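> Questions regarding the structure given below will be posed in turn.
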Amino acid sequence: MSRKLPPLLLVAGCVSGCFYYYAMKRKRLEDQSESCIYLDYNGTTPIYPDVLDAMMPYLTEHFGNPSSGHKFGAAPRKAIDEGRQRILSLLGSSEPISCIWFTGCGTESDNLAIQLAMQSSSAKKKHIVTSNVEHPAVELYLKHLEKECLATVTYVPVDTEGRVSHTDVIDALTPDTVLVTLMLANNESGALQPVKEVAMECRKRGILIHTDAAQAAGKVSCQIEDLGYPDLISVVGHKLGAPKGIAALYVRPGCLEENGRKLNHDHGILLIGGGQEFGRRGGTENTPYIVGFGLAAEKARLGLKQNAGHMESLRSRLLLKLREGLGADKVRVNGPKDRSLRLPNTLSIGFEKIQSGDLLATIGHLVAASAGASCHSTGSISSILTAMQVPETFARGTVRLSLGPKTKAKDVDDAVTIIVDAVRNQWAGTEIAPSQ
């Protein structure tokens, strides 16, 4: 007759089996990645091994609901508080942890920031200022508000390097302006926007200022002092080594009660339900992902200088070798020339008279890169490149190559060989050869 195992042994066996499964899965993913060079860190990052390890106990032994008052809720609740503190440290803030609101994604954080400005304002006419190169999470939400006649929006144009002038943004402010939302770094061009100068002026005038720092975190400083103390900051987990499905919105304490603003949120803002997130967002907290997000944020903060230098060096190597392999006049870099005005890891580069969609389809099993939304199946050019007035002959051939802390020099060299060969083959197969 078979014997039943004691419950504790069963639990231990399940936990050990779970860890073994994820260890083997991680090993397979690492082996798979070696056969394809990953240069799409702006799209998403891999979950770092120690981040995954930190998450695992909250998927197994510490499974309790953090809102529960009993023992099983204590460890998750403590872990969530620690996650908030780590996000605050990434932002260089010593404010209460309650100013970090966890969300499900960057889109929710951006939508929430805009909605907070709308709901807290008592003004009958509401005006918002932004740039014409924002992420769709901002752009399309603002267009929705315009369509519903809930707000008017000014879209400040960028220059040919993809940056807005801070004076142009400030000149767009009116007595009806309730919000300025300006991304810190553009996901396609890597251009950094003058958030600090705009934030300082908005704070003087009592206008809410939001910045989407999703693409910037872990690559450049996101400390509130360096950003001019904005009121609202969006940060996203999967852009810095945490899982997809977790993000945060920093809300400066008191900003929604200043200058005539008042916010009523008894049951939430966008997600109305329970009392989670201090009564501001209904839904049971995603403890494992918050733990992973917190550790990834800490790693990003501690490794910022070293990682940024590493990525900048490899970006320079990548550009140099592409120019050597194809000819400097056959490629065009999109974005700021001054390295202090762009992300250290991002190279938006256009190849003359090339279709980026065809190029990426050819090399996709060898090099993981992105067109940066520059070329769709319809052949349209991205609104970002259009706003930057990139010549069509280069815009249609633009790809975004984005590096990460784990990218190696050999990855860059091998990727260049593959890309150069594919571009030359596409040139050879076209009736119109590149200009001589």
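If you're wondering about the labels, chains in the structure tokens are A, B, ... by order shown, residues count from 1 in each chain, ligands from 1 in order shown.
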Excluding A:Asp411 and residues on its chain fewer than 5 positions from it, collect all residues at most 10 Å away from it, counting only C-alpha atoms, and give them as an MDAnalysis selection string.

chainID A and resid 34 36:39 314 318 367 403 406 416

> Pick out the residues sitting within 6 Å of stretch 351-365 of chain A, and hand them over as a VMD selection string; count only C-alpha atoms, and ignore anything fewer than 3 positions along from it in its own chain.

chain A and resid 330 to 331 368 393 to 394 396 to 398

> Those same residues - N, CA, C and O atoms - I'd like them written as a PDB file, in the first residue's frame.


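Contents of the output file selection.pdb:
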ATOM      1  N   LYS A 330      25.924  56.627 -47.527  1.00  0.00           N
ATOM      2  CA  LYS A 330      24.793  55.734 -47.814  1.00  0.00           C
ATOM      3  C   LYS A 330      23.931  55.460 -46.581  1.00  0.00           C
ATOM      4  O   LYS A 330      22.938  54.752 -46.655  1.00  0.00           O
ATOM      5  N   VAL A 331      24.379  55.979 -45.440  1.00  0.00           N
ATOM      6  CA  VAL A 331      23.614  55.794 -44.207  1.00  0.00           C
ATOM      7  C   VAL A 331      23.370  57.158 -43.561  1.00  0.00           C
ATOM      8  O   VAL A 331      24.151  58.093 -43.745  1.00  0.00           O
ATOM      9  N   ALA A 368      17.836  40.494 -34.118  1.00  0.00           N
ATOM     10  CA  ALA A 368      16.547  41.017 -33.666  1.00  0.00           C
ATOM     11  C   ALA A 368      16.649  42.527 -33.548  1.00  0.00           C
ATOM     12  O   ALA A 368      17.333  43.048 -32.672  1.00  0.00           O
ATOM     13  N   THR A 393      14.009  58.860 -48.907  1.00  0.00           N
ATOM     14  CA  THR A 393      14.915  57.815 -49.382  1.00  0.00           C
ATOM     15  C   THR A 393      15.645  57.119 -48.234  1.00  0.00           C
ATOM     16  O   THR A 393      16.070  55.981 -48.351  1.00  0.00           O
ATOM     17  N   PHE A 394      15.795  57.822 -47.094  1.00  0.00           N
ATOM     18  CA  PHE A 394      16.392  57.219 -45.906  1.00  0.00           C
ATOM     19  C   PHE A 394      15.329  56.773 -44.911  1.00  0.00           C
ATOM     20  O   PHE A 394      15.518  55.784 -44.197  1.00  0.00           O
ATOM     21  N   ARG A 396      12.409  55.389 -45.370  1.00  0.00           N
ATOM     22  CA  ARG A 396      11.853  54.057 -45.650  1.00  0.00           C
ATOM     23  C   ARG A 396      12.837  52.943 -45.319  1.00  0.00           C
ATOM     24  O   ARG A 396      12.437  51.797 -45.133  1.00  0.00           O
ATOM     25  N   GLY A 397      14.101  53.281 -45.226  1.00  0.00           N
ATOM     26  CA  GLY A 397      15.112  52.283 -44.900  1.00  0.00           C
ATOM     27  C   GLY A 397      15.644  52.407 -43.488  1.00  0.00           C
ATOM     28  O   GLY A 397      16.736  51.917 -43.189  1.00  0.00           O
ATOM     29  N   THR A 398      14.885  53.048 -42.605  1.00  0.00           N
ATOM     30  CA  THR A 398      15.354  53.254 -41.237  1.00  0.00           C
ATOM     31  C   THR A 398      15.065  52.051 -40.351  1.00  0.00           C
ATOM     32  O   THR A 398      13.952  51.516 -40.346  1.00  0.00           O
TER      33      THR A 398
END

> Quick check for you: according to DSSP on this backbone, which residues of stretch 153-360 of chain A are classed as strand (DSSP E or B)? Reply as a PyMOL selection string.

chain A and resi 153-156+177-181+185+191-192+208-212+217+220+232-236+247-251+331-334+342+346-351

> Can you tell me which residues surround A:Asp176 at a distance of at most 12 Å, considering only C-alpha atoms, apart from same-chain residues fewer than 5 positions away, and format the answer as a PyMOL selection string?

chain A and resi 118+121-129+151-154+205-208

> Taking only C-alpha atoms into account, name the residue in A:Asn425, A:Asn111, A:Gln215, A:Ser234 that is nearest to A:Asn187.

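Between A:Asn425, A:Asn111, A:Gln215, A:Ser234, the residue approaching A:Asn187 most closely is A:Gln215.
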
> Report as a list in words all protein, DNA and RNA residues lying within 6 Å of A:Gly335, evaluated on only C-alpha atoms, omitting residues in the same chain fewer than 6 positions from it.

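Contacts, with the query itself left out: Glu161, Gly162, Ser189 and Ala191 of chain A.
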
> May I ask for the distance between atom CA of A:Arg301 and atom CA of A:Tyr48, given in Å to one decimal place?

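Separation between atom CA of A:Arg301 and atom CA of A:Tyr48: 14.7 Å.
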
> When distances are computed from only C-alpha atoms, which of A:Pro344, A:Gly273, A:Pro253, A:Gly294 shows the smallest separation from A:Gln85?

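Comparing A:Pro344, A:Gly273, A:Pro253, A:Gly294 against A:Gln85, the winner is A:Gly294.
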
> For the helix (DSSP H, G or I) assignment from backbone DSSP, which residues of stretch 35-147 of chain A qualify? Please present them as an MDAnalysis selection string.

chainID A and resid 49:58 71:90 97:99 106:120 136:147

> Between atom CA of A:His210 and atom CA of A:Leu142, what is the distance, to one decimal in Å?

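So the two atoms, atom CA of A:His210 and atom CA of A:Leu142, lie 13.4 Å apart.
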
> Report as CSV the residues of stretch 181-271 of chain A within 12 Å of stretch 277-288 of chain A, each with its shortest atom pair and distance in Å (one decimal), using only C-alpha atoms, ordered by chain and increasing residue number.


residue,atom,partner,partner_atom,distance
A:Ala242,CA,A:Pro288,CA,10.3
A:Pro243,CA,A:Pro288,CA,9.5
A:Lys244,CA,A:Asn286,CA,11.6
A:Gly245,CA,A:Asn286,CA,9.0
A:Ile246,CA,A:Asn286,CA,7.9
A:Ala247,CA,A:Asn286,CA,10.6
A:Ala248,CA,A:Glu277,CA,10.9
A:Leu249,CA,A:Glu277,CA,11.2
A:Val251,CA,A:Arg280,CA,11.5
A:Leu263,CA,A:Arg280,CA,10.6
A:Asn264,CA,A:Arg280,CA,9.7
A:His265,CA,A:Arg280,CA,6.3
A:Asp266,CA,A:Gly279,CA,6.5
A:His267,CA,A:Gly279,CA,5.8
A:Gly268,CA,A:Arg280,CA,4.1
A:Ile269,CA,A:Arg280,CA,6.0
A:Leu270,CA,A:Arg281,CA,7.0
A:Leu271,CA,A:Gly282,CA,5.4

> Give me the residues near A:Asp110 as a list in words, where near means some atom within 8 Å (using only C-alpha atoms) and where sequence neighbours in that chain fewer than 2 positions away do not count.

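Here the qualifying residues turn out to be Gly106, Thr107, Glu108, Leu112, Ala113, Ile114, Ala137, Val138, Asp212, Ser234 and Leu249 of chain A.
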
> Of the candidates A:Lys299, A:Arg315, A:His238, A:Lys410, which one gets nearest to A:Gly104 if we count only C-alpha atoms?

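Once distances to A:Gly104 are computed over only C-alpha atoms, the minimum belongs to A:His238.
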
> Please, what distance in Å, to one decimal, runs between atom CA of A:Arg400 and atom CA of A:Leu320?

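Atom-to-atom, atom CA of A:Arg400 and atom CA of A:Leu320 are spaced 15.5 Å apart.
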
> Calculated over only C-alpha atoms, which of the candidates A:Ser380, A:Ser109, A:Thr417, A:Gln193 has the smallest distance to A:Asn132?

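Answer, going by the shortest atom-to-atom distance: A:Gln193.
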
> Please identify all polymer residues within 7 Å of A:Arg77, counting only C-alpha atoms, omitting same-chain residues fewer than 4 positions from it, and present them as a list in words.

Pro66, Gly73 and Asp81 of chain A

> Write out as a list of chain:residue names each polymer residue whose atoms come within 7 Å of A:Pro230, counting only C-alpha atoms; drop sequence neighbours fewer than 4 positions from it.

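Residues meeting the cut-off are A:Ala199, A:Ile209, A:His210, A:Ile224.
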
> Using only N, CA, C and O atoms, please write the residues we just selected to a file, as a PDB file, in the first residue's frame.


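Listed below is the output, selection.pdb:
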ATOM      1  N   ALA A 199       9.752  71.662 -16.859  1.00  0.00           N
ATOM      2  CA  ALA A 199       9.211  71.369 -15.529  1.00  0.00           C
ATOM      3  C   ALA A 199       9.412  72.537 -14.573  1.00  0.00           C
ATOM      4  O   ALA A 199       8.502  72.883 -13.800  1.00  0.00           O
ATOM      5  N   ILE A 209       3.016  68.965 -14.607  1.00  0.00           N
ATOM      6  CA  ILE A 209       3.951  68.521 -15.636  1.00  0.00           C
ATOM      7  C   ILE A 209       4.181  67.022 -15.467  1.00  0.00           C
ATOM      8  O   ILE A 209       4.527  66.545 -14.384  1.00  0.00           O
ATOM      9  N   HIS A 210       3.979  66.285 -16.561  1.00  0.00           N
ATOM     10  CA  HIS A 210       4.164  64.830 -16.581  1.00  0.00           C
ATOM     11  C   HIS A 210       5.230  64.482 -17.600  1.00  0.00           C
ATOM     12  O   HIS A 210       5.289  65.075 -18.687  1.00  0.00           O
ATOM     13  N   ILE A 224      14.542  63.057  -9.850  1.00  0.00           N
ATOM     14  CA  ILE A 224      13.618  64.189  -9.955  1.00  0.00           C
ATOM     15  C   ILE A 224      14.355  65.527  -9.959  1.00  0.00           C
ATOM     16  O   ILE A 224      13.922  66.473 -10.629  1.00  0.00           O
TER      17      ILE A 224
END
